[in-house]
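Q: Mind looking over this structure? Questions follow.
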Amino acid sequence: MVDPRVFIALDYPSIHEVEQLLAHWQHQQKPAIKIGYQLFYQLGPDWVKQKKKEGYTIFLDLKLHDIPNTVANGVKSLMQLGVDFLTLHASGGAAMIEAARSTVEKHQTKGNQMKLLAVTHLTSMSDQMLHTELGVTESLTENVVRLAQLAHQSGTDGVICSGQEVIEIKDATHPDFLAVTPGIRPHGVDASDQQRVVTPATAIQNGADYIVVGRAITHTKQPIEAYQQICAEIQS
Ligand SMILES: O=c1ccn([C@@H]2O[C@H](COP(=O)(O)O)[C@@H](O)[C@H]2O)c(=O)[nH]1
């Protein structure tokens, strides 16, 4: 069983483990995959293009954050990969996000409609860290919603947030504004470095359009079963 709402975060040390996992779906409908720093920096753009050709829905999680001109140039290059989703940080500001949006609009084709997702606050950030380390006085949820509104007004297709904030974000933006939620922990799975976690079912019940799951799948002895259990949980 595959559920297109579940992105598997392929945070593996080498191509060997990735291909071993993906071999399971070789002749079937393929799961959605998230490619982050670890694989992209090692395997590069050609490997991503190859995965796209093989039929995967690809979320490239590079979290761009730079001056507008540099981000726009990066987006232009990344559009050649044909990925479905790309992340950038909302805290880069309106000009940065708008530069990314215009680049997508200028270079998109019928077959290449890459969606931009803005990271609000990383799901590894807590209220306390926001106050004591970053000096922000608003609550974390208020600040996440503020960043989501900025991203919405500046032209992203959605945001990356915790499943805890989806309801407030959709209320403050638009029901169609995508909420993509990492920080997913099925019951009994250690939160590890994540601070704002929810179960797969809670994220979907709160209105998440997609969930991103890494270690709860990839760090288990039976990753395929773990993936299937998560799909079953959100479908029940
Ligand atoms: O706010 C964010 C943004 C991105 N991520 C990424 O999602 C996965 C989550 O991995 P788990 O093992 O399920 O914790 C990982 O690739 C992060 O880079 C995030 O967690 N939070």
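Chain labels A, B, ... are given in the sequence in which chains occur in the structure tokens; within each chain residues are numbered consecutively from 1, and ligands are likewise numbered from 1 in the order shown.
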What's around Ile67 (chain A) at 9 Å? Count only C-alpha atoms, leave out sequence neighbours fewer than 2 positions away in its own chain, and write the answer as an mmCIF file with C-alpha atoms, in the first residue's frame.

A:
data_model
loop_
_atom_site.group_PDB
_atom_site.id
_atom_site.type_symbol
_atom_site.label_atom_id
_atom_site.label_comp_id
_atom_site.auth_asym_id
_atom_site.auth_seq_id
_atom_site.Cartn_x
_atom_site.Cartn_y
_atom_site.Cartn_z
ATOM 1 C CA HIS A 65 18.078 30.921 2.674
ATOM 2 C CA ASN A 69 19.269 37.187 -6.226
ATOM 3 C CA THR A 70 21.189 34.135 -4.999
ATOM 4 C CA VAL A 71 18.031 32.240 -4.075
ATOM 5 C CA ALA A 72 16.477 33.052 -7.465
ATOM 6 C CA GLY A 92 14.522 34.970 4.470
ATOM 7 C CA ALA A 95 11.821 39.809 -1.172
ATOM 8 C CA MET A 96 13.620 36.462 -1.053
#

Q: As number ranges by chain, please: every protein or nucleic acid residue near ligand 1 (cut-off 7 Å, counting only C-alpha atoms and all ligand atoms).

A: A: 9, 11, 36, 119, 121-124, 160-161, 182-184, 194, 212-216

Q: So that I have them on file, write out the residues from the current selection with C-alpha atoms, as an mmCIF file, in the first residue's frame.

A:
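Once written, result_17.cif looks like this:
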data_model
loop_
_atom_site.group_PDB
_atom_site.id
_atom_site.type_symbol
_atom_site.label_atom_id
_atom_site.label_comp_id
_atom_site.auth_asym_id
_atom_site.auth_seq_id
_atom_site.Cartn_x
_atom_site.Cartn_y
_atom_site.Cartn_z
ATOM 1 C CA ALA A 9 12.633 11.245 4.480
ATOM 2 C CA ASP A 11 18.129 10.389 5.500
ATOM 3 C CA GLY A 36 17.672 16.232 2.007
ATOM 4 C CA VAL A 119 9.906 26.478 6.514
ATOM 5 C CA HIS A 121 10.189 27.287 12.469
ATOM 6 C CA LEU A 122 11.990 23.975 12.379
ATOM 7 C CA THR A 123 10.136 21.279 14.297
ATOM 8 C CA SER A 124 13.277 20.914 16.438
ATOM 9 C CA ILE A 160 6.555 23.330 6.582
ATOM 10 C CA CYS A 161 5.278 23.366 10.144
ATOM 11 C CA PRO A 182 7.623 16.720 9.702
ATOM 12 C CA GLY A 183 8.112 15.965 13.426
ATOM 13 C CA ILE A 184 5.935 12.878 13.039
ATOM 14 C CA GLN A 194 12.358 16.906 17.491
ATOM 15 C CA VAL A 212 7.144 13.679 6.412
ATOM 16 C CA VAL A 213 8.480 10.646 8.203
ATOM 17 C CA GLY A 214 12.150 9.778 8.578
ATOM 18 C CA ARG A 215 13.521 7.735 11.448
ATOM 19 C CA ALA A 216 10.186 6.194 12.429
#

Q: What are the DSSP strand (DSSP E or B) residues of chain A, as a ChimeraX atom specification?

A: /A:6-9,32-35,58-64,85-89,109,112,115-119,158-160,178-181,184,198,210-213

Q: Using only C-alpha atoms, which of the listed residues (A:Ile217, A:Ala226, A:Val166, A:Val136) sits closest to Ile204 (chain A)?

A: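 Among the listed residues, A:Val166 lies closest to Ile204 (chain A).
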
Q: Using only C-alpha atoms, which residues sit within 12 Å of Ala94 (chain A) once same-chain residues fewer than 2 positions away are excluded, as a PyMOL selection string?

A: chain A and resi 65-68+88-92+96-101+118+147-156

Q: Give me the residues within 12 Å of Cys231 (chain A) as number ranges by chain, counting only C-alpha atoms and dropping any in the same chain fewer than 2 places off.

A: A: 1-8, 31-32, 186, 199-201, 204, 210-213, 217, 224-229, 233-236

Q: Take the residues from that selection and put them in a file with N, CA and C atoms, as a compact mmCIF listing (two decimals), in the first residue's frame.

A:
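The file below, result24.txt, is the result:
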# COMPACT_ATOMS: atom_id res chain seq x y z
N MET A 1 0.84 -1.20 0.00
CA MET A 1 0.00 0.00 0.00
C MET A 1 0.88 1.27 0.00
N VAL A 2 0.51 2.23 -0.85
CA VAL A 2 1.25 3.50 -0.87
C VAL A 2 0.24 4.62 -0.59
N ASP A 3 0.61 5.59 0.20
CA ASP A 3 -0.25 6.75 0.42
C ASP A 3 0.53 7.99 -0.01
N PRO A 4 0.03 8.71 -1.03
CA PRO A 4 0.80 9.86 -1.55
C PRO A 4 0.98 10.98 -0.54
N ARG A 5 0.27 10.91 0.59
CA ARG A 5 0.42 11.97 1.62
C ARG A 5 1.61 11.72 2.53
N VAL A 6 2.26 10.57 2.38
CA VAL A 6 3.38 10.26 3.27
C VAL A 6 4.70 10.36 2.50
N PHE A 7 5.52 11.32 2.88
CA PHE A 7 6.86 11.43 2.30
C PHE A 7 7.84 10.69 3.20
N ILE A 8 8.59 9.77 2.63
CA ILE A 8 9.65 9.11 3.40
C ILE A 8 10.89 9.98 3.30
N PRO A 31 6.32 5.20 -3.56
CA PRO A 31 6.01 6.13 -2.48
C PRO A 31 6.60 7.51 -2.78
N ALA A 32 6.10 8.52 -2.09
CA ALA A 32 6.67 9.86 -2.21
C ALA A 32 7.94 9.91 -1.36
N PRO A 186 4.95 8.17 15.49
CA PRO A 186 3.89 7.23 15.91
C PRO A 186 4.04 6.95 17.41
N THR A 199 1.46 12.50 16.26
CA THR A 199 1.35 11.20 15.59
C THR A 199 0.90 11.44 14.14
N PRO A 200 1.07 10.43 13.29
CA PRO A 200 0.58 10.58 11.90
C PRO A 200 -0.91 10.92 11.87
N ALA A 201 -1.71 10.21 12.67
CA ALA A 201 -3.16 10.43 12.64
C ALA A 201 -3.51 11.85 13.09
N ILE A 204 -2.83 14.48 10.32
CA ILE A 204 -3.84 14.45 9.25
C ILE A 204 -5.19 14.98 9.77
N TYR A 210 0.30 16.80 3.83
CA TYR A 210 1.33 15.76 3.70
C TYR A 210 2.03 15.61 5.04
N ILE A 211 2.51 14.41 5.32
CA ILE A 211 3.38 14.23 6.48
C ILE A 211 4.74 13.74 5.99
N VAL A 212 5.77 14.08 6.75
CA VAL A 212 7.14 13.68 6.41
C VAL A 212 7.65 12.78 7.53
N VAL A 213 8.05 11.59 7.18
CA VAL A 213 8.48 10.65 8.20
C VAL A 213 9.86 10.09 7.86
N ILE A 217 10.56 5.36 10.16
CA ILE A 217 10.58 4.33 9.11
C ILE A 217 12.00 3.81 8.93
N ILE A 224 9.53 -1.25 5.75
CA ILE A 224 8.34 -1.33 4.88
C ILE A 224 7.09 -1.47 5.74
N GLU A 225 7.18 -2.33 6.76
CA GLU A 225 6.03 -2.52 7.65
C GLU A 225 5.73 -1.21 8.40
N ALA A 226 6.78 -0.51 8.82
CA ALA A 226 6.59 0.76 9.53
C ALA A 226 5.87 1.76 8.63
N TYR A 227 6.30 1.84 7.36
CA TYR A 227 5.65 2.74 6.39
C TYR A 227 4.19 2.35 6.22
N GLN A 228 3.95 1.04 6.06
CA GLN A 228 2.57 0.60 5.82
C GLN A 228 1.66 0.85 7.02
N GLN A 229 2.23 0.71 8.22
CA GLN A 229 1.43 0.99 9.42
C GLN A 229 1.03 2.46 9.49
N GLU A 233 -2.62 3.92 9.50
CA GLU A 233 -3.08 4.81 10.60
C GLU A 233 -3.79 6.04 10.04
N ILE A 234 -3.26 6.63 8.97
CA ILE A 234 -3.90 7.87 8.48
C ILE A 234 -5.14 7.58 7.63
N GLN A 235 -5.27 6.33 7.21
CA GLN A 235 -6.45 6.00 6.40
C GLN A 235 -7.61 5.50 7.25
N SER A 236 -7.35 5.25 8.55
CA SER A 236 -8.43 4.63 9.35
C SER A 236 -9.31 5.70 10.01

Q: Going by DSSP on the backbone, which bits of region 9-212 of chain A are alpha helix (DSSP H)? Write them as a ChimeraX atom specification, please.

A: /A:15-22,37-53,68-79,94-107,127-132,140-154,166-172,200-205

Q: So which one's closest to Val104 (chain A), A:Leu64, A:Val145, A:Leu116, A:Ile167? Using only C-alpha atoms, please.

A: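 Once distances to Val104 (chain A) are computed over only C-alpha atoms, the minimum belongs to A:Leu116.
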
Q: One number please: CA of Leu10 (chain A) to CA of Trp47 (chain A), in Å, one decimal.

A: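 So the answer is 13.2 Å.
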